[in-house]
$ cat data-v8.cif   # mmCIF, C-alpha atoms and all ligand atoms
data_coords
loop_
_atom_site.label_atom_id
_atom_site.label_comp_id
_atom_site.auth_asym_id
_atom_site.auth_seq_id
_atom_site.Cartn_x
_atom_site.Cartn_y
_atom_site.Cartn_z
CA MET A 1 34.36 -31.74 17.87
CA PRO A 2 33.86 -30.28 14.33
CA ILE A 3 36.10 -27.29 13.64
CA HIS A 4 33.70 -25.82 11.06
CA SER A 5 30.15 -25.33 12.18
CA LYS A 6 28.97 -26.29 8.70
CA THR A 7 27.03 -29.31 7.58
CA ILE A 8 27.16 -30.56 3.99
CA GLY A 9 24.46 -32.71 2.37
CA ILE A 10 25.66 -35.02 -0.38
CA LEU A 11 23.18 -36.41 -2.89
CA GLY A 12 24.38 -39.88 -3.86
CA GLY A 13 26.47 -42.56 -2.19
CA GLY A 14 29.07 -43.71 -4.74
CA GLN A 15 32.85 -43.41 -4.62
CA LEU A 16 32.90 -39.68 -5.40
CA ALA A 17 30.54 -39.02 -2.48
CA GLN A 18 32.68 -41.35 -0.35
CA MET A 19 35.86 -39.41 -1.05
CA LEU A 20 34.06 -36.09 -0.46
CA ALA A 21 32.72 -37.34 2.88
CA LEU A 22 36.11 -38.72 3.97
CA LYS A 23 37.79 -35.41 3.18
CA ALA A 24 35.01 -33.49 4.91
CA LYS A 25 35.64 -35.56 8.02
CA GLN A 26 39.36 -34.73 7.91
CA MET A 27 38.45 -31.06 7.57
CA GLY A 28 36.24 -31.24 10.65
CA LEU A 29 32.99 -30.84 8.72
CA THR A 30 29.75 -32.73 9.27
CA THR A 31 28.18 -34.65 6.37
CA PHE A 32 24.79 -36.16 5.61
CA VAL A 33 24.63 -38.58 2.69
CA LEU A 34 21.41 -39.57 0.95
CA SER A 35 21.56 -42.89 -0.92
CA GLU A 36 19.58 -46.08 -1.41
CA ASN A 37 21.68 -48.80 0.22
CA ALA A 38 23.42 -49.07 3.57
CA HIS A 39 26.46 -50.62 1.85
CA ASP A 40 26.93 -47.77 -0.67
CA PRO A 41 30.56 -46.53 -0.56
CA ALA A 42 29.64 -43.19 1.08
CA ALA A 43 27.02 -44.57 3.48
CA THR A 44 29.47 -45.85 6.08
CA VAL A 45 31.85 -42.88 6.02
CA ALA A 46 29.31 -40.04 6.32
CA THR A 47 28.61 -38.50 9.72
CA THR A 48 24.99 -39.49 9.11
CA TRP A 49 23.58 -41.66 6.35
CA MET A 50 19.96 -41.20 5.27
CA GLN A 51 18.32 -43.95 3.32
CA GLY A 52 16.29 -42.73 0.39
CA SER A 53 15.97 -42.05 -3.30
CA LEU A 54 17.40 -39.11 -5.24
CA LYS A 55 14.08 -39.16 -7.12
CA SER A 56 11.97 -38.62 -4.01
CA PRO A 57 11.09 -34.99 -3.15
CA GLU A 58 10.38 -36.05 0.46
CA ASN A 59 13.79 -37.69 0.84
CA ILE A 60 15.55 -34.69 -0.71
CA GLN A 61 13.66 -32.32 1.59
CA ALA A 62 14.55 -34.41 4.64
CA LEU A 63 18.23 -34.20 3.68
CA ALA A 64 18.08 -30.48 2.94
CA ALA A 65 16.45 -29.77 6.30
CA GLN A 66 19.56 -31.10 8.08
CA VAL A 67 22.29 -29.23 6.22
CA ASP A 68 23.70 -25.77 5.38
CA CYS A 69 24.64 -26.57 1.80
CA LEU A 70 23.85 -29.38 -0.63
CA THR A 71 26.05 -30.81 -3.34
CA PHE A 72 25.98 -33.88 -5.61
CA GLU A 73 28.35 -36.49 -6.98
CA SER A 74 26.59 -37.07 -10.30
CA GLU A 75 25.18 -34.60 -12.80
CA PHE A 76 22.34 -36.94 -13.61
CA ILE A 77 19.97 -36.22 -10.73
CA PRO A 78 17.07 -34.51 -12.48
CA ALA A 79 17.56 -30.75 -11.97
CA GLN A 80 13.86 -29.95 -12.40
CA LEU A 81 12.81 -32.44 -9.74
CA LEU A 82 15.45 -31.06 -7.37
CA LYS A 83 14.26 -27.53 -8.03
CA LYS A 84 10.66 -28.46 -7.21
CA SER A 85 11.73 -30.42 -4.14
CA LEU A 86 13.71 -27.49 -2.78
CA GLN A 87 11.11 -24.81 -3.58
CA LYS A 88 9.88 -24.61 0.00
CA LEU A 89 13.46 -24.47 1.25
CA ARG A 90 14.59 -21.48 -0.82
CA THR A 91 17.24 -20.43 1.66
CA LYS A 92 19.09 -23.74 1.20
CA ARG A 93 22.02 -23.48 -1.13
CA ILE A 94 22.90 -26.20 -3.59
CA GLU A 95 26.25 -25.91 -5.39
CA PRO A 96 26.83 -26.08 -8.32
CA ASN A 97 23.46 -24.35 -8.70
CA LEU A 98 20.47 -25.97 -10.36
CA ASN A 99 20.33 -23.74 -13.44
CA ILE A 100 23.90 -24.75 -14.24
CA LEU A 101 23.16 -28.41 -13.49
CA ALA A 102 20.09 -28.32 -15.79
CA LYS A 103 22.16 -27.03 -18.71
CA MET A 104 25.13 -29.29 -18.20
CA GLN A 105 23.23 -32.53 -17.70
CA ASP A 106 21.84 -32.20 -21.21
CA ARG A 107 24.58 -32.74 -23.79
CA LEU A 108 22.73 -30.56 -26.29
CA PHE A 109 22.46 -27.53 -23.99
CA GLN A 110 26.02 -28.12 -22.84
CA LYS A 111 27.30 -27.95 -26.41
CA GLU A 112 25.22 -24.84 -27.16
CA TRP A 113 26.67 -23.19 -24.06
CA LEU A 114 30.23 -23.97 -25.08
CA TYR A 115 29.53 -22.46 -28.50
CA ASP A 116 27.92 -19.36 -26.98
CA TYR A 117 31.07 -18.68 -24.97
CA GLY A 118 33.45 -19.34 -27.85
CA LEU A 119 34.90 -22.47 -26.26
CA PRO A 120 36.30 -24.94 -28.80
CA THR A 121 34.26 -28.14 -29.15
CA LEU A 122 33.29 -30.56 -31.94
CA ASP A 123 30.47 -29.59 -34.30
CA TYR A 124 27.26 -31.42 -33.48
CA VAL A 125 23.74 -31.99 -34.74
CA LYS A 126 20.57 -32.76 -32.84
CA ILE A 127 19.06 -36.17 -33.64
CA ASN A 128 15.29 -36.50 -33.30
CA SER A 129 14.41 -38.85 -36.15
CA LYS A 130 15.75 -41.55 -38.44
CA ASP A 131 16.04 -38.92 -41.18
CA ASP A 132 18.24 -36.81 -38.91
CA LEU A 133 20.49 -39.86 -38.49
CA GLU A 134 20.85 -40.28 -42.26
CA LEU A 135 21.66 -36.58 -42.69
CA ALA A 136 24.20 -36.58 -39.88
CA PHE A 137 25.87 -39.72 -41.27
CA LYS A 138 26.31 -37.90 -44.61
CA ALA A 139 27.40 -34.63 -43.02
CA PHE A 140 30.11 -36.40 -41.01
CA ASP A 141 31.27 -38.45 -44.02
CA GLY A 142 30.06 -41.76 -42.54
CA GLN A 143 32.19 -41.35 -39.39
CA MET A 144 30.11 -40.30 -36.41
CA VAL A 145 29.38 -40.82 -32.76
CA CYS A 146 25.84 -40.63 -31.39
CA LYS A 147 25.50 -39.70 -27.75
CA GLU A 148 22.40 -39.76 -25.61
CA ARG A 149 21.45 -36.28 -24.45
CA PHE A 150 20.86 -37.45 -20.90
CA GLY A 151 22.54 -39.89 -18.58
CA GLY A 152 25.57 -41.20 -20.52
CA TYR A 153 28.67 -42.24 -18.56
CA ASP A 154 31.64 -44.57 -18.99
CA GLY A 155 30.61 -44.91 -22.64
CA TYR A 156 27.09 -46.10 -21.81
CA GLY A 157 24.91 -44.02 -24.13
CA THR A 158 27.74 -43.48 -26.66
CA TYR A 159 27.49 -45.23 -30.05
CA VAL A 160 30.23 -45.14 -32.66
CA ILE A 161 28.83 -45.43 -36.19
CA THR A 162 31.48 -45.75 -38.88
CA ASN A 163 29.79 -47.84 -41.56
CA LYS A 164 26.41 -48.54 -43.16
CA ILE A 165 25.84 -51.70 -41.11
CA ASP A 166 26.30 -49.77 -37.83
CA LEU A 167 23.90 -47.13 -39.14
CA ILE A 168 21.22 -49.65 -40.10
CA SER A 169 21.31 -51.43 -36.75
CA PHE A 170 21.35 -48.13 -34.84
CA LYS A 171 18.35 -46.91 -36.88
CA LYS A 172 16.47 -50.11 -36.07
CA ALA A 173 16.92 -49.61 -32.35
CA PHE A 174 16.24 -45.86 -32.53
CA LYS A 175 12.91 -44.96 -30.96
CA GLY A 176 12.67 -41.31 -32.02
CA GLU A 177 11.38 -38.87 -29.43
CA GLU A 178 11.87 -41.39 -26.61
CA ASN A 179 15.63 -41.39 -26.85
CA GLN A 180 17.21 -38.16 -27.93
CA PHE A 181 20.75 -37.93 -29.19
CA ILE A 182 23.32 -35.57 -30.49
CA ALA A 183 25.73 -36.68 -33.19
CA GLU A 184 29.27 -35.48 -33.82
CA ARG A 185 32.13 -36.46 -36.06
CA PHE A 186 34.19 -39.48 -35.03
CA VAL A 187 37.68 -37.99 -34.66
CA SER A 188 41.05 -39.66 -34.48
CA PHE A 189 42.64 -37.73 -31.67
CA LYS A 190 46.31 -37.70 -30.73
CA SER A 191 45.44 -37.93 -27.05
CA GLU A 192 42.66 -37.39 -24.56
CA ARG A 193 43.23 -34.92 -21.80
CA SER A 194 41.45 -33.32 -18.95
CA ILE A 195 41.73 -30.19 -16.89
CA ILE A 196 39.92 -29.49 -13.66
CA PHE A 197 38.95 -26.08 -12.29
CA ALA A 198 37.73 -25.01 -8.86
CA ARG A 199 35.87 -21.75 -8.28
CA ASN A 200 34.53 -20.62 -4.91
CA THR A 201 31.62 -18.42 -3.87
CA LEU A 202 34.05 -15.49 -3.56
CA GLY A 203 34.92 -15.80 -7.25
CA GLU A 204 38.46 -17.14 -6.64
CA MET A 205 39.50 -19.72 -9.19
CA ILE A 206 42.36 -22.18 -9.60
CA HIS A 207 42.98 -25.11 -11.93
CA LEU A 208 44.87 -28.38 -11.56
CA PRO A 209 47.68 -29.39 -13.93
CA MET A 210 46.43 -30.73 -17.26
CA VAL A 211 46.56 -34.53 -17.51
CA GLN A 212 46.46 -37.13 -20.23
CA SER A 213 43.80 -39.81 -19.82
CA VAL A 214 43.66 -43.13 -21.60
CA GLN A 215 40.29 -44.75 -22.23
CA ILE A 216 39.68 -48.42 -22.99
CA ASN A 217 36.21 -49.24 -24.34
CA HIS A 218 35.18 -45.64 -23.64
CA GLN A 219 36.10 -45.97 -19.99
CA CYS A 220 38.99 -44.26 -18.21
CA ASP A 221 41.82 -46.76 -17.62
CA TYR A 222 44.60 -44.50 -16.39
CA VAL A 223 45.68 -40.87 -16.10
CA MET A 224 49.17 -39.37 -16.13
CA GLY A 225 50.65 -35.93 -15.93
CA PRO A 226 51.38 -33.18 -15.86
CA SER A 227 50.83 -33.01 -19.63
CA ILE A 228 51.32 -29.46 -20.77
CA HIS A 229 50.14 -28.37 -24.22
CA PRO A 230 51.06 -25.26 -26.24
CA LYS A 231 47.36 -24.28 -26.51
CA GLU A 232 46.51 -24.71 -22.84
CA LYS A 233 47.08 -21.11 -21.72
CA LYS A 234 44.56 -19.79 -24.22
CA LEU A 235 42.04 -22.48 -23.34
CA ILE A 236 42.44 -21.87 -19.61
CA ALA A 237 41.81 -18.15 -20.12
CA LYS A 238 38.60 -18.90 -22.05
CA ILE A 239 37.38 -21.40 -19.46
CA ASN A 240 38.10 -18.83 -16.70
CA GLN A 241 35.95 -16.33 -18.56
CA PHE A 242 33.16 -18.87 -18.99
CA LEU A 243 33.13 -19.96 -15.32
CA ASN A 244 33.13 -16.34 -14.16
CA ALA A 245 30.32 -15.45 -16.55
CA ILE A 246 28.07 -18.28 -15.35
CA ASN A 247 29.19 -17.73 -11.73
CA TYR A 248 30.12 -21.40 -11.34
CA VAL A 249 30.78 -22.66 -7.81
CA GLY A 250 32.56 -25.97 -7.13
CA VAL A 251 34.94 -28.26 -8.96
CA ILE A 252 34.36 -28.84 -12.68
CA ALA A 253 36.14 -31.11 -15.15
CA PHE A 254 36.75 -30.41 -18.84
CA GLU A 255 37.47 -33.54 -20.90
CA LEU A 256 39.53 -32.65 -23.98
CA PHE A 257 40.65 -34.09 -27.30
CA GLU A 258 44.04 -33.20 -28.73
CA ILE A 259 43.37 -33.07 -32.47
CA GLY A 260 46.35 -32.03 -34.61
CA PRO A 261 47.66 -28.83 -33.05
CA LYS A 262 44.34 -28.08 -31.34
CA LEU A 263 42.70 -28.75 -28.02
CA VAL A 264 38.91 -29.12 -28.16
CA ILE A 265 36.44 -29.84 -25.39
CA ASN A 266 34.76 -33.24 -25.54
CA GLU A 267 32.48 -32.81 -22.56
CA VAL A 268 32.14 -31.05 -19.23
CA ALA A 269 31.29 -32.62 -15.86
CA PRO A 270 30.13 -30.21 -13.11
CA ARG A 271 31.59 -32.22 -10.22
CA VAL A 272 34.69 -33.94 -8.89
CA HIS A 273 36.00 -36.30 -11.55
CA ASN A 274 37.86 -39.58 -12.04
CA THR A 275 40.66 -37.80 -13.90
CA GLY A 276 41.25 -35.61 -10.81
CA HIS A 277 41.95 -38.45 -8.35
CA PHE A 278 45.71 -38.01 -8.86
CA SER A 279 45.39 -34.82 -6.77
CA GLN A 280 45.00 -36.92 -3.60
CA GLU A 281 48.73 -37.73 -3.57
CA ALA A 282 50.24 -35.55 -6.27
CA LEU A 283 49.18 -32.09 -5.07
CA ASN A 284 49.26 -30.00 -1.90
CA ILE A 285 45.43 -30.05 -1.96
CA ASP A 286 43.04 -32.52 -3.59
CA GLN A 287 39.94 -31.99 -5.70
CA PHE A 288 37.64 -33.11 -2.86
CA GLU A 289 38.93 -30.51 -0.41
CA LEU A 290 38.85 -27.93 -3.20
CA HIS A 291 35.19 -28.70 -3.92
CA LEU A 292 34.25 -28.40 -0.24
CA ARG A 293 36.22 -25.17 0.14
CA CYS A 294 34.52 -23.75 -2.97
CA ILE A 295 30.97 -24.40 -1.82
CA LEU A 296 31.68 -23.14 1.71
CA GLY A 297 33.32 -19.93 0.49
CA LEU A 298 36.73 -20.80 1.99
CA LYS A 299 39.89 -19.42 0.38
CA LEU A 300 41.64 -21.50 -2.29
CA PRO A 301 45.39 -22.00 -1.90
CA PRO A 302 47.73 -22.00 -4.89
CA VAL A 303 48.07 -25.53 -6.26
CA SER A 304 51.49 -27.15 -6.41
CA LEU A 305 52.92 -30.55 -7.31
CA ARG A 306 54.62 -32.66 -4.64
CA GLN A 307 56.71 -34.50 -7.22
CA PRO A 308 57.39 -33.75 -10.91
CA ALA A 309 55.16 -36.58 -12.24
CA PHE A 310 52.13 -38.68 -11.33
CA VAL A 311 50.06 -41.62 -12.57
CA MET A 312 46.63 -42.82 -11.48
CA VAL A 313 45.40 -46.26 -12.51
CA ASN A 314 41.78 -47.31 -12.13
CA LEU A 315 40.92 -50.68 -10.62
CA LEU A 316 38.08 -51.86 -12.83
CA GLY A 317 36.08 -54.99 -12.10
CA GLN A 318 36.77 -57.90 -14.41
CA SER A 319 34.55 -60.58 -12.92
CA THR A 320 32.05 -61.18 -10.15
CA ARG A 321 34.64 -62.89 -7.89
CA ASN A 322 35.63 -61.46 -4.54
CA PRO A 323 38.60 -59.15 -5.23
CA SER A 324 41.88 -59.93 -3.51
CA ILE A 325 45.37 -58.51 -3.19
CA LYS A 326 48.08 -60.85 -4.47
CA THR A 327 50.87 -58.29 -4.18
CA MET A 328 50.46 -55.02 -2.35
CA PRO A 329 51.20 -52.07 -4.67
CA THR A 330 53.77 -49.44 -3.66
CA GLY A 331 51.40 -46.68 -4.82
CA ALA A 332 48.62 -45.27 -2.64
CA MET A 333 45.55 -47.44 -3.01
CA HIS A 334 42.05 -46.04 -2.62
CA TRP A 335 39.45 -48.79 -2.29
CA TYR A 336 35.79 -47.86 -2.68
CA ASP A 337 34.46 -50.79 -0.65
CA LYS A 338 31.60 -51.64 -3.02
CA ASP A 339 29.36 -54.54 -2.12
CA GLU A 340 29.90 -56.45 -5.37
CA ASN A 341 32.57 -56.80 -8.01
CA ARG A 342 31.32 -56.60 -11.61
CA PRO A 343 33.00 -56.31 -15.01
CA ARG A 344 33.76 -52.62 -15.78
CA ARG A 345 32.70 -51.49 -12.30
CA LYS A 346 35.02 -48.89 -10.75
CA MET A 347 36.28 -50.65 -7.60
CA GLY A 348 39.19 -48.39 -6.62
CA HIS A 349 42.30 -46.62 -7.92
CA ILE A 350 46.02 -46.37 -7.17
CA ASN A 351 48.05 -43.15 -7.22
CA TYR A 352 51.78 -42.97 -7.92
CA ILE A 353 54.03 -39.94 -7.68
CA GLY A 354 57.68 -39.65 -8.68
CA LYS A 355 60.19 -38.16 -11.07
CA ASN A 356 59.33 -39.72 -14.39
CA LYS A 357 55.91 -40.34 -15.98
CA LYS A 358 56.97 -43.25 -18.18
CA ALA A 359 58.70 -45.12 -15.37
CA LEU A 360 55.74 -44.53 -13.06
CA LEU A 361 53.29 -45.80 -15.66
CA LYS A 362 55.31 -48.96 -16.22
CA LYS A 363 55.39 -49.65 -12.49
CA ALA A 364 51.70 -48.80 -12.03
CA LEU A 365 50.49 -51.09 -14.82
CA LEU A 366 52.66 -53.93 -13.54
CA GLU A 367 51.63 -53.52 -9.92
CA ARG A 368 47.95 -53.29 -10.85
CA LYS A 369 48.21 -56.93 -11.92
CA GLY A 370 48.75 -57.77 -8.26
CA ILE A 371 45.15 -56.80 -7.47
CA LEU A 372 42.86 -59.60 -8.58
CA LEU A 373 39.51 -58.27 -9.73
N1 LIG B 401 33.67 -37.74 -31.35
C1 LIG B 401 34.43 -38.73 -30.88
N2 LIG B 401 35.39 -39.27 -31.66
C2 LIG B 401 36.17 -40.29 -31.21
N3 LIG B 401 36.05 -40.84 -29.97
C3 LIG B 401 35.11 -40.33 -29.15
C4 LIG B 401 34.26 -39.25 -29.55
N4 LIG B 401 33.43 -38.95 -28.53
C5 LIG B 401 33.76 -39.81 -27.54
N5 LIG B 401 34.76 -40.62 -27.89
C6 LIG B 401 35.38 -41.67 -27.04
O1 LIG B 401 34.41 -42.20 -26.17
C7 LIG B 401 34.74 -41.89 -24.81
C8 LIG B 401 33.45 -41.62 -24.03
O2 LIG B 401 32.78 -40.54 -24.59
P1 LIG B 401 32.19 -39.37 -23.70
O3 LIG B 401 33.25 -38.88 -22.78
O4 LIG B 401 31.57 -38.36 -24.58
O5 LIG B 401 31.03 -40.15 -22.95
P2 LIG B 401 30.79 -40.58 -21.44
O6 LIG B 401 29.97 -41.79 -21.51
O7 LIG B 401 30.27 -39.41 -20.72
O8 LIG B 401 32.19 -40.97 -20.85
P3 LIG B 401 32.74 -40.82 -19.37
O9 LIG B 401 31.62 -40.86 -18.42
O10 LIG B 401 33.67 -41.99 -19.23
O11 LIG B 401 33.49 -39.53 -19.38
C9 LIG B 401 35.67 -40.69 -24.89
O12 LIG B 401 36.49 -40.60 -23.76
C10 LIG B 401 36.44 -41.04 -26.16
O13 LIG B 401 37.44 -42.00 -25.90
MG MG B 402 33.56 -38.56 -20.98
#
$ encode --input "data-v8.cif" --output "structure tokens"
Amino acid sequence: MPIHSKTIGILGGGQLAQMLALKAKQMGLTTFVLSENAHDPAATVATTWMQGSLKSPENIQALAAQVDCLTFESEFIPAQLLKKSLQKLRTKRIEPNLNILAKMQDRLFQKEWLYDYGLPTLDYVKINSKDDLELAFKAFDGQMVCKERFGGYDGYGTYVITNKIDLISFKKAFKGEENQFIAERFVSFKSERSIIFARNTLGEMIHLPMVQSVQINHQCDYVMGPSIHPKEKKLIAKINQFLNAINYVGVIAFELFEIGPKLVINEVAPRVHNTGHFSQEALNIDQFELHLRCILGLKLPPVSLRQPAFVMVNLLGQSTRNPSIKTMPTGAMHWYDKDENRPRRKMGHINYIGKNKKALLKKALLERKGILL
């Protein structure tokens, strides 16, 4: 029998939705998941799975009708379509709310927002034409990154342009108004980091320990922490101010670059995040429970580490073979149970906790080789 009389609707059926639904179950909550395929990771673990499209107003309405509160696992569901779909159901809450989603899913608005609130981020320019590209290339001294305004993830939609040949081929493929970009300087950072916040409907807010994340081909490979930084206190205070000002509800991830002595925000994701998976084993409470507690207005406990150090390694597809376990890792493995293996596809992750980051990382990278992907 559910202990909470609340029902959560999750838009999307990937691994983030799966881990939200699993945690919801452990908390005694009821979940409805809307996704396309019966073998989606979240479909089999939800209390009820509803087949449908996140682009269909009817399907969204059918989901909303069943639940107390809606949430999503990806910031790329079109906010305007959701707004229209939910117009007749005004009393239904969706968290984070749709005005916030609309701003954050567009990299241009997101950047403008960060600037408005005095949060440090890289300078950017809007790219609408081939001329804009030329100007940006000059302004950034021939070292730039173009990012699609909508829909980029795992480096899809991100183009590094560091010489004339890159620029010429990018210009050739550029279709103007059809694909809109922002451009920023290509920076050589010391490290990439991330920090995750959780804020509930009561206005309580906590954050997880800052972590270092390592990307290969623009995709997260592993995370380790805690990784404290001399500038983090100041940044945390500013992010607190920002989240209070916009009345944010839910978990939110800030991806950071460490550039010289500074910490600057690369991008923001208004949802649970790959760089927060360590929390499942490393903390007294994980990001999935925090997100659910936030949207339901439940109190947030202080966050504490179970061990001094942690490492999370992603299990990324490398082929289309059936994955297999050659040697069982000693870390805690989380398998997403996807129907197919594919190169670069996120298939699972493994969490390690212990005394020493370096030793954990060595063990984690070695043991990962025992999972054949
Ligand atoms: N301005 C930059 N200078 C140097 N490297 C960059 C820059 N912007 C992005 N990158 C690299 O590309 C990666 C992906 O970029 P970004 O996070 O903006 O896009 P994304 O596709 O949303 O990624 P993800 O979904 O994995 O977070 C970053 O983690 C970083 O390694
Ligand atoms: Mg990113």
$ closest_residue --input "data-v8.cif" --among "A:Glu73, A:Asp339, A:Glu95, A:Asp141" --to "Asn200 of chain A" --atoms "only C-alpha atoms"
A:Glu95
$ residues_around --input "data-v8.cif" --residues "Lys88 of chain A" --least-positions-apart "3" --cutoff "12 Å" --atoms "all atoms listed in the file" --output "list in words"
Pro57, Glu58, Ile60, Gln61, Ala62, Ala64, Ala65, Leu82, Lys83, Lys84, Ser85, Thr91 and Lys92 of chain A
$ residues_near_ligand --input "data-v8.cif" --ligand "ligand LIG 401 (chain B)" --cutoff "10 Å" --atoms "all atoms listed in the file" --output "number ranges by chain"
A: 107, 121-124, 143-148, 150-160, 183-189, 191-193, 213-221, 253-257, 265-269, 273-275
$ closest_atom_pairs --input "data-v8.cif" --of "segment 297-332 of chain A" --to "segment 277-282 of chain A" --cutoff "12 Å" --atoms "only C-alpha atoms" --output "JSON lines"
{"residue": "A:Val303", "atom": "CA", "partner": "A:Ser279", "partner_atom": "CA", "distance": 9.7}
{"residue": "A:Ser304", "atom": "CA", "partner": "A:Ala282", "partner_atom": "CA", "distance": 8.5}
{"residue": "A:Leu305", "atom": "CA", "partner": "A:Ala282", "partner_atom": "CA", "distance": 5.8}
{"residue": "A:Arg306", "atom": "CA", "partner": "A:Ala282", "partner_atom": "CA", "distance": 5.5}
{"residue": "A:Gln307", "atom": "CA", "partner": "A:Ala282", "partner_atom": "CA", "distance": 6.6}
{"residue": "A:Pro308", "atom": "CA", "partner": "A:Ala282", "partner_atom": "CA", "distance": 8.7}
{"residue": "A:Ala309", "atom": "CA", "partner": "A:Ala282", "partner_atom": "CA", "distance": 7.8}
{"residue": "A:Phe310", "atom": "CA", "partner": "A:Ala282", "partner_atom": "CA", "distance": 6.2}
{"residue": "A:Val311", "atom": "CA", "partner": "A:Phe278", "partner_atom": "CA", "distance": 6.8}
{"residue": "A:Met312", "atom": "CA", "partner": "A:Phe278", "partner_atom": "CA", "distance": 5.6}
{"residue": "A:Val313", "atom": "CA", "partner": "A:Phe278", "partner_atom": "CA", "distance": 9.0}
{"residue": "A:Asn314", "atom": "CA", "partner": "A:His277", "partner_atom": "CA", "distance": 9.6}
{"residue": "A:Gly331", "atom": "CA", "partner": "A:Glu281", "partner_atom": "CA", "distance": 9.4}
{"residue": "A:Ala332", "atom": "CA", "partner": "A:Glu281", "partner_atom": "CA", "distance": 7.6}
$ write_last_selection --input "data-v8.cif" --atoms "C-alpha atoms" --output "CSV table (one decimal), keeping the file's coordinate frame"
chain,number,residue,atom,x,y,z
A,303,VAL,CA,48.1,-25.5,-6.3
A,304,SER,CA,51.5,-27.2,-6.4
A,305,LEU,CA,52.9,-30.6,-7.3
A,306,ARG,CA,54.6,-32.7,-4.6
A,307,GLN,CA,56.7,-34.5,-7.2
A,308,PRO,CA,57.4,-33.8,-10.9
A,309,ALA,CA,55.2,-36.6,-12.2
A,310,PHE,CA,52.1,-38.7,-11.3
A,311,VAL,CA,50.1,-41.6,-12.6
A,312,MET,CA,46.6,-42.8,-11.5
A,313,VAL,CA,45.4,-46.3,-12.5
A,314,ASN,CA,41.8,-47.3,-12.1
A,331,GLY,CA,51.4,-46.7,-4.8
A,332,ALA,CA,48.6,-45.3,-2.6
$ residues_around --input "data-v8.cif" --residues "Ile206 of chain A" --least-positions-apart "2" --cutoff "8 Å" --atoms "only C-alpha atoms" --output "VMD selection string"
chain A and resid 197 to 199 204 208 300 302 to 303
$ write_last_selection --input "data-v8.cif" --atoms "C-alpha atoms" --output "compact mmCIF listing (two decimals), in the coordinates of the input"
# COMPACT_ATOMS: atom_id res chain seq x y z
CA PHE A 197 38.95 -26.08 -12.29
CA ALA A 198 37.73 -25.01 -8.86
CA ARG A 199 35.87 -21.75 -8.28
CA GLU A 204 38.46 -17.14 -6.64
CA LEU A 208 44.87 -28.38 -11.56
CA LEU A 300 41.64 -21.50 -2.29
CA PRO A 302 47.73 -22.00 -4.89
CA VAL A 303 48.07 -25.53 -6.26
$ closest_residue --input "data-v8.cif" --among "A:Leu202, A:Leu167, A:Ile8, A:Ile195" --to "Leu298 of chain A" --atoms "all atoms listed in the file"
A:Leu202
$ closest_residue --input "data-v8.cif" --among "A:Met19, A:Leu89, A:Ile10, A:Ala38" --to "His334 of chain A" --atoms "all atoms listed in the file"
A:Met19
